[in-house]
Amino acid sequence: MEYAALLRNSDHQPIRYLVVDDSVFARKNISKILESFGGAIAGEAGDGCTAIAEYDRTRPDMVLMDITMPQMEGIEAAERIVRQHPEARVVMVSSVGYQENIVAALQKGARHFVQKPVKPEVLYEVIKYVMGEDAYAAQGAAAAGESK
Amino acid sequence: MKMELIQPFINAADAVLAQTLNCATRIGDVNMDEDAYRRKGMAALIVIQGDIEGRVILDTDAPTAAAIATALAGSEITESDPVVRETIFELANLVIGNAVTSLNDQGFRFKISPPEAHVAETGLKGSEDTEALVMCFDTPSGSVYMNIAMRHNRRRAQERAAVVAE
């Protein structure tokens with residue numbers, strides 16, 4: 001399935017994403033999906049601590065954050081990022097989708113939750129919803145996104 | 001056999017394998033004789049703690065693991081590529097995460113840890129209070145084995161019952 005590229009309203013450039021997951025396989029899989037939406041991967045991180053540093057370094061438009069990770073779990077990392085950057089858009093992406101997890105993540109500042117395995121059509125709609133008026137779907141199918 | 005503990009894992013494995021590999025899967029052998037189980041190759045173990053506690057191993061032989069990684073990556077992955085291990089670990093993560101989500105909807109509370117390599121040749125043992133079994137899922141990429149050992153955490157159950165009684 002082809003998706004219309006999601007671009008930033010401010011400068012018509014691809015949305016920049018930070019992908020956080022302790023699984024390299026999961027990061028590659030999510031990145032591939034985001035690139036099919038015309039997105040650009042600003043950075044990747046394999047744990048919560050690195051995610052915080054990478055957020056400061058790359059200032060992405062959106063963070064896709066796993067929950068179960070070594071060293072620092074995703075919900076705590078999301079809380080710390082949002083505390084320092086209230087404008088941060090963090091979407092939790094986890095196979096563990098029960099209500100307590102979702103509520104905890106939203107209470108700590110996450111904007112949305114997507115359950116793994118990620119369905120591209122679901123993630124596409126969540127990104128559109130979370131970006132709101134800061135992004136639009138361009139005419140035509142998305143090309144592969146720019147990298148870093 | 002307390003199927004309410006096991007069934008969510010069967011359902012989750014079936015659904016996750018079908019969705020990620022984009023194919024129909026078939027549940028093959030189910031075996032409660034743990035001594036019959038020997039590790040096939042690439043095995044990921046996840047520990048579950050909470051109202052129900054135990055361990056789950058997802059296991060495939062090396063050619064199947066490489067075939068699954070190839071199917072998911074969309075390009076040829078060899079058996080020695082580290083991506084193969086990552087793929088099986090993430091599959092385990094998806095299966096257990098989805099099963100735990102389902103059990104949570106039934107009122108059980110858990111915490112799961114990230115996958116780790118299971119290197120022992122034998123599997124998980126059952127006991128008087130632990131349900132254990134091995135099952136096989138047949139996919140176009142090969143067979144995927146799941147070894148589950150689960151039990152109710154009686155201490156947690158008693159604690160919760162005491163809170164409810166107060």
# chains A, B, ... in the order shown; residues from 1 in each chain; ligands from 1
call {"tool": "interface_residues", "arguments": {"of": "chain A", "to": "chain B", "cutoff": "6 Å", "atoms": "only C-alpha atoms", "output": "list of chain:residue names"}}
result
A:Phe25, A:Ser95, A:Val96, A:Gly97, A:Tyr98
call {"tool": "residues_around", "arguments": {"residues": "Thr64 of chain B", "least_positions_apart": "3", "cutoff": "10 Å", "atoms": "only C-alpha atoms", "output": "ChimeraX atom specification"}}
result
/B:40-42,59-61,67-70,79,84,139-144
call {"tool": "write_last_selection", "arguments": {"atoms": "all heavy atoms", "output": "tab-separated table (two decimals), in the first residue's frame"}}
result
chain	number	residue	atom	x	y	z
B	40	LYS	N	16.17	-26.15	19.54
B	40	LYS	CA	16.34	-26.36	18.10
B	40	LYS	C	17.49	-25.53	17.54
B	40	LYS	O	18.10	-25.91	16.55
B	40	LYS	CB	15.05	-25.99	17.35
B	40	LYS	CG	13.79	-26.64	17.92
B	40	LYS	CD	13.83	-28.15	17.81
B	40	LYS	CE	12.56	-28.77	18.34
B	40	LYS	NZ	12.72	-29.59	19.51
B	41	GLY	N	17.70	-24.36	18.12
B	41	GLY	CA	18.75	-23.50	17.58
B	41	GLY	C	18.71	-22.14	18.24
B	41	GLY	O	19.16	-21.96	19.36
B	42	MET	N	18.10	-21.17	17.55
B	42	MET	CA	18.02	-19.80	18.05
B	42	MET	C	16.83	-19.68	19.00
B	42	MET	O	15.69	-19.79	18.57
B	42	MET	CB	17.82	-18.86	16.85
B	42	MET	CG	17.82	-17.40	17.21
B	42	MET	SD	19.38	-16.86	17.89
B	42	MET	CE	20.46	-17.02	16.48
B	59	ASP	N	11.63	-20.66	19.94
B	59	ASP	CA	12.81	-21.40	19.47
B	59	ASP	C	12.59	-21.86	18.03
B	59	ASP	O	11.51	-22.34	17.67
B	59	ASP	CB	12.97	-22.61	20.41
B	59	ASP	CG	14.17	-23.47	20.08
B	59	ASP	OD1	15.04	-23.01	19.34
B	59	ASP	OD2	14.23	-24.60	20.60
B	60	THR	N	13.62	-21.68	17.20
B	60	THR	CA	13.57	-22.23	15.83
B	60	THR	C	14.95	-22.76	15.48
B	60	THR	O	15.95	-22.36	16.08
B	60	THR	CB	13.23	-21.15	14.77
B	60	THR	OG1	14.34	-20.26	14.66
B	60	THR	CG2	12.00	-20.37	15.12
B	61	ASP	N	15.00	-23.63	14.49
B	61	ASP	CA	16.33	-24.06	14.03
B	61	ASP	C	16.93	-22.93	13.18
B	61	ASP	O	16.24	-21.98	12.79
B	61	ASP	CB	16.27	-25.39	13.27
B	61	ASP	CG	15.41	-25.34	12.04
B	61	ASP	OD1	15.25	-24.25	11.45
B	61	ASP	OD2	14.87	-26.38	11.64
B	67	ALA	N	15.27	-17.88	7.51
B	67	ALA	CA	14.17	-17.72	6.55
B	67	ALA	C	13.16	-16.68	7.06
B	67	ALA	O	12.64	-15.87	6.28
B	67	ALA	CB	13.48	-19.06	6.32
B	68	ILE	N	12.90	-16.71	8.37
B	68	ILE	CA	11.97	-15.72	8.95
B	68	ILE	C	12.58	-14.33	8.85
B	68	ILE	O	11.91	-13.36	8.46
B	68	ILE	CB	11.66	-16.09	10.41
B	68	ILE	CG1	10.78	-17.34	10.47
B	68	ILE	CG2	10.96	-14.93	11.13
B	68	ILE	CD1	10.55	-17.89	11.87
B	69	ALA	N	13.86	-14.21	9.21
B	69	ALA	CA	14.52	-12.91	9.12
B	69	ALA	C	14.52	-12.39	7.69
B	69	ALA	O	14.29	-11.20	7.44
B	69	ALA	CB	15.95	-13.01	9.65
B	70	THR	N	14.75	-13.29	6.73
B	70	THR	CA	14.73	-12.91	5.32
B	70	THR	C	13.34	-12.43	4.90
B	70	THR	O	13.21	-11.40	4.23
B	70	THR	CB	15.15	-14.12	4.44
B	70	THR	OG1	16.51	-14.45	4.76
B	70	THR	CG2	15.03	-13.80	2.96
B	79	GLU	N	22.34	-17.24	7.96
B	79	GLU	CA	22.19	-17.77	9.33
B	79	GLU	C	23.13	-17.10	10.32
B	79	GLU	O	22.82	-17.00	11.50
B	79	GLU	CB	22.43	-19.28	9.33
B	79	GLU	CG	21.34	-20.06	8.61
B	79	GLU	CD	21.62	-21.55	8.58
B	79	GLU	OE1	22.44	-22.01	9.39
B	79	GLU	OE2	21.03	-22.25	7.75
B	84	VAL	N	19.41	-12.14	12.52
B	84	VAL	CA	18.60	-13.33	12.75
B	84	VAL	C	18.22	-13.43	14.23
B	84	VAL	O	17.05	-13.64	14.59
B	84	VAL	CB	19.36	-14.60	12.30
B	84	VAL	CG1	18.61	-15.85	12.69
B	84	VAL	CG2	19.58	-14.57	10.80
B	139	THR	N	4.94	-22.69	9.83
B	139	THR	CA	4.81	-21.52	8.95
B	139	THR	C	5.51	-21.86	7.62
B	139	THR	O	6.28	-22.83	7.56
B	139	THR	CB	5.50	-20.28	9.56
B	139	THR	OG1	6.92	-20.40	9.38
B	139	THR	CG2	5.20	-20.13	11.04
B	140	PRO	N	5.27	-21.07	6.59
B	140	PRO	CA	5.97	-21.33	5.31
B	140	PRO	C	7.49	-21.23	5.45
B	140	PRO	O	8.22	-21.81	4.64
B	140	PRO	CB	5.44	-20.22	4.39
B	140	PRO	CG	4.11	-19.86	4.97
B	140	PRO	CD	4.26	-20.00	6.46
B	141	SER	N	7.97	-20.52	6.47
B	141	SER	CA	9.42	-20.39	6.67
B	141	SER	C	9.99	-21.56	7.45
B	141	SER	O	11.22	-21.71	7.53
B	141	SER	CB	9.74	-19.09	7.41
B	141	SER	OG	9.29	-17.97	6.68
B	142	GLY	N	9.13	-22.37	8.06
B	142	GLY	CA	9.58	-23.49	8.89
B	142	GLY	C	8.81	-23.53	10.20
B	142	GLY	O	7.85	-22.78	10.38
B	143	SER	N	9.24	-24.40	11.10
B	143	SER	CA	8.51	-24.57	12.36
B	143	SER	C	9.09	-23.67	13.46
B	143	SER	O	10.30	-23.55	13.60
B	143	SER	CB	8.59	-26.03	12.81
B	143	SER	OG	7.94	-26.85	11.87
B	144	VAL	N	8.16	-23.08	14.22
B	144	VAL	CA	8.53	-22.24	15.37
B	144	VAL	C	8.01	-22.94	16.62
B	144	VAL	O	6.82	-23.28	16.68
B	144	VAL	CB	7.93	-20.83	15.24
B	144	VAL	CG1	8.28	-19.99	16.47
B	144	VAL	CG2	8.42	-20.15	13.97
call {"tool": "select_by_dssp", "arguments": {"residues": "chain A", "states": "strand (DSSP E)", "output": "ChimeraX atom specification"}}
result
/A:4-8,16-20,40-45,62-65,90-94,112-115,135-141
call {"tool": "residues_around", "arguments": {"residues": "Arg83 of chain A", "least_positions_apart": "3", "cutoff": "9 Å", "atoms": "only C-alpha atoms", "output": "compact mmCIF listing (two decimals) with N, CA, C and O atoms, in the first residue's frame"}}
result
# COMPACT_ATOMS: atom_id res chain seq x y z
N ALA A 78 10.12 8.85 28.35
CA ALA A 78 9.13 9.79 27.80
C ALA A 78 8.85 10.91 28.80
O ALA A 78 8.79 12.09 28.42
N GLU A 79 8.70 10.53 30.06
CA GLU A 79 8.42 11.54 31.09
C GLU A 79 9.55 12.57 31.16
O GLU A 79 9.31 13.78 31.23
N ARG A 80 10.79 12.08 31.14
CA ARG A 80 11.94 13.00 31.25
C ARG A 80 12.04 13.91 30.03
O ARG A 80 12.36 15.08 30.16
N PRO A 86 8.33 20.34 26.83
CA PRO A 86 6.87 20.11 26.86
C PRO A 86 6.25 19.99 25.48
O PRO A 86 5.16 19.43 25.34
N LYS A 108 2.28 10.37 31.80
CA LYS A 108 3.67 10.88 31.83
C LYS A 108 3.97 11.77 30.64
O LYS A 108 5.11 12.21 30.48
N GLY A 109 2.99 11.99 29.78
CA GLY A 109 3.20 12.95 28.71
C GLY A 109 3.20 12.40 27.31
O GLY A 109 3.33 13.16 26.35
call {"tool": "residues_around", "arguments": {"residues": "Gly132 of chain A", "least_positions_apart": "5", "cutoff": "10 Å", "atoms": "only C-alpha atoms", "output": "list of chain:residue names"}}
result
A:Asn9, A:Val126, A:Ile127
call {"tool": "write_last_selection", "arguments": {"atoms": "N, CA and C atoms", "output": "short mmCIF file (atom, residue, chain, number, x, y, z; two decimals), in the first residue's frame"}}
result
data_model
loop_
_atom_site.label_atom_id
_atom_site.label_comp_id
_atom_site.auth_asym_id
_atom_site.auth_seq_id
_atom_site.Cartn_x
_atom_site.Cartn_y
_atom_site.Cartn_z
N ASN A 9 4.08 21.35 7.99
CA ASN A 9 3.44 22.52 7.43
C ASN A 9 4.38 23.72 7.39
N VAL A 126 -2.18 7.58 13.37
CA VAL A 126 -1.74 8.12 14.66
C VAL A 126 -0.79 9.30 14.44
N ILE A 127 0.11 9.18 13.49
CA ILE A 127 1.05 10.28 13.21
C ILE A 127 0.27 11.51 12.74
#
call {"tool": "select_by_dssp", "arguments": {"residues": "segment 7-146 of chain A", "states": "alpha helix (DSSP H)", "output": "number ranges by chain"}}
result
A: 24-36, 48-58, 74-84, 99-107, 120-131
call {"tool": "atom_distance", "arguments": {"atom1": "atom CA of Ala92 of chain B", "atom2": "atom CA of Val91 of chain A"}}
result
22.1 Å
call {"tool": "residues_around", "arguments": {"residues": "Ser10 of chain A", "least_positions_apart": "3", "cutoff": "9 Å", "atoms": "only C-alpha atoms", "output": "list of chain:residue names"}}
result
A:Leu7, A:Gln13, A:Asp134, A:Ala135
call {"tool": "closest_residue", "arguments": {"among": "A:Cys49, A:Leu106, A:Ile41, A:Val118", "to": "Pro70 of chain A", "atoms": "only C-alpha atoms"}}
result
A:Cys49
call {"tool": "closest_atom_pairs", "arguments": {"of": "segment 46-86 of chain A", "to": "segment 28-38 of chain A", "cutoff": "12 Å", "atoms": "only C-alpha atoms", "output": "JSON lines"}}
result
{"residue": "A:Gly46", "atom": "CA", "partner": "A:Lys28", "partner_atom": "CA", "distance": 11.7}
{"residue": "A:Met62", "atom": "CA", "partner": "A:Leu34", "partner_atom": "CA", "distance": 11.0}
{"residue": "A:Val63", "atom": "CA", "partner": "A:Leu34", "partner_atom": "CA", "distance": 11.5}
{"residue": "A:Leu64", "atom": "CA", "partner": "A:Ile30", "partner_atom": "CA", "distance": 8.7}
{"residue": "A:Met65", "atom": "CA", "partner": "A:Ile30", "partner_atom": "CA", "distance": 10.6}
{"residue": "A:Asp66", "atom": "CA", "partner": "A:Ile30", "partner_atom": "CA", "distance": 10.8}
call {"tool": "residues_around", "arguments": {"residues": "Glu116 of chain B", "least_positions_apart": "6", "cutoff": "10 Å", "atoms": "only C-alpha atoms", "output": "NGL selection string"}}
result
:B and (43-47 or 57 or 89 or 92)
call {"tool": "write_last_selection", "arguments": {"atoms": "N, CA, C and O atoms", "output": "compact mmCIF listing (two decimals), in the first residue's frame"}}
result
# COMPACT_ATOMS: atom_id res chain seq x y z
N ALA B 43 17.11 -19.52 20.29
CA ALA B 43 16.03 -19.54 21.29
C ALA B 43 16.07 -18.26 22.12
O ALA B 43 17.10 -17.88 22.66
N ALA B 44 14.90 -17.60 22.23
CA ALA B 44 14.77 -16.39 23.04
C ALA B 44 13.90 -16.70 24.25
O ALA B 44 12.84 -17.33 24.12
N LEU B 45 14.36 -16.29 25.42
CA LEU B 45 13.62 -16.56 26.66
C LEU B 45 13.15 -15.24 27.27
O LEU B 45 13.92 -14.28 27.35
N ILE B 46 11.89 -15.22 27.68
CA ILE B 46 11.34 -14.04 28.35
C ILE B 46 10.77 -14.46 29.70
O ILE B 46 10.05 -15.46 29.80
N VAL B 47 11.13 -13.70 30.74
CA VAL B 47 10.66 -13.97 32.09
C VAL B 47 9.44 -13.09 32.38
O VAL B 47 9.43 -11.90 32.05
N ILE B 57 9.89 -19.66 26.12
CA ILE B 57 10.98 -19.73 25.14
C ILE B 57 10.38 -19.83 23.75
O ILE B 57 9.48 -20.63 23.52
N PHE B 89 14.29 -12.66 18.74
CA PHE B 89 14.05 -11.98 20.01
C PHE B 89 12.82 -11.06 19.90
O PHE B 89 11.99 -11.01 20.80
N ALA B 92 9.64 -13.05 19.82
CA ALA B 92 9.29 -13.48 21.18
C ALA B 92 8.66 -12.34 21.96
O ALA B 92 7.66 -12.50 22.66
call {"tool": "atom_distance", "arguments": {"atom1": "atom CA of Arg38 of chain B", "atom2": "atom CA of Ala65 of chain B"}}
result
16.2 Å
call {"tool": "atom_distance", "arguments": {"atom1": "atom CA of Asn31 of chain B", "atom2": "atom CA of Lys116 of chain A"}}
result
28.4 Å
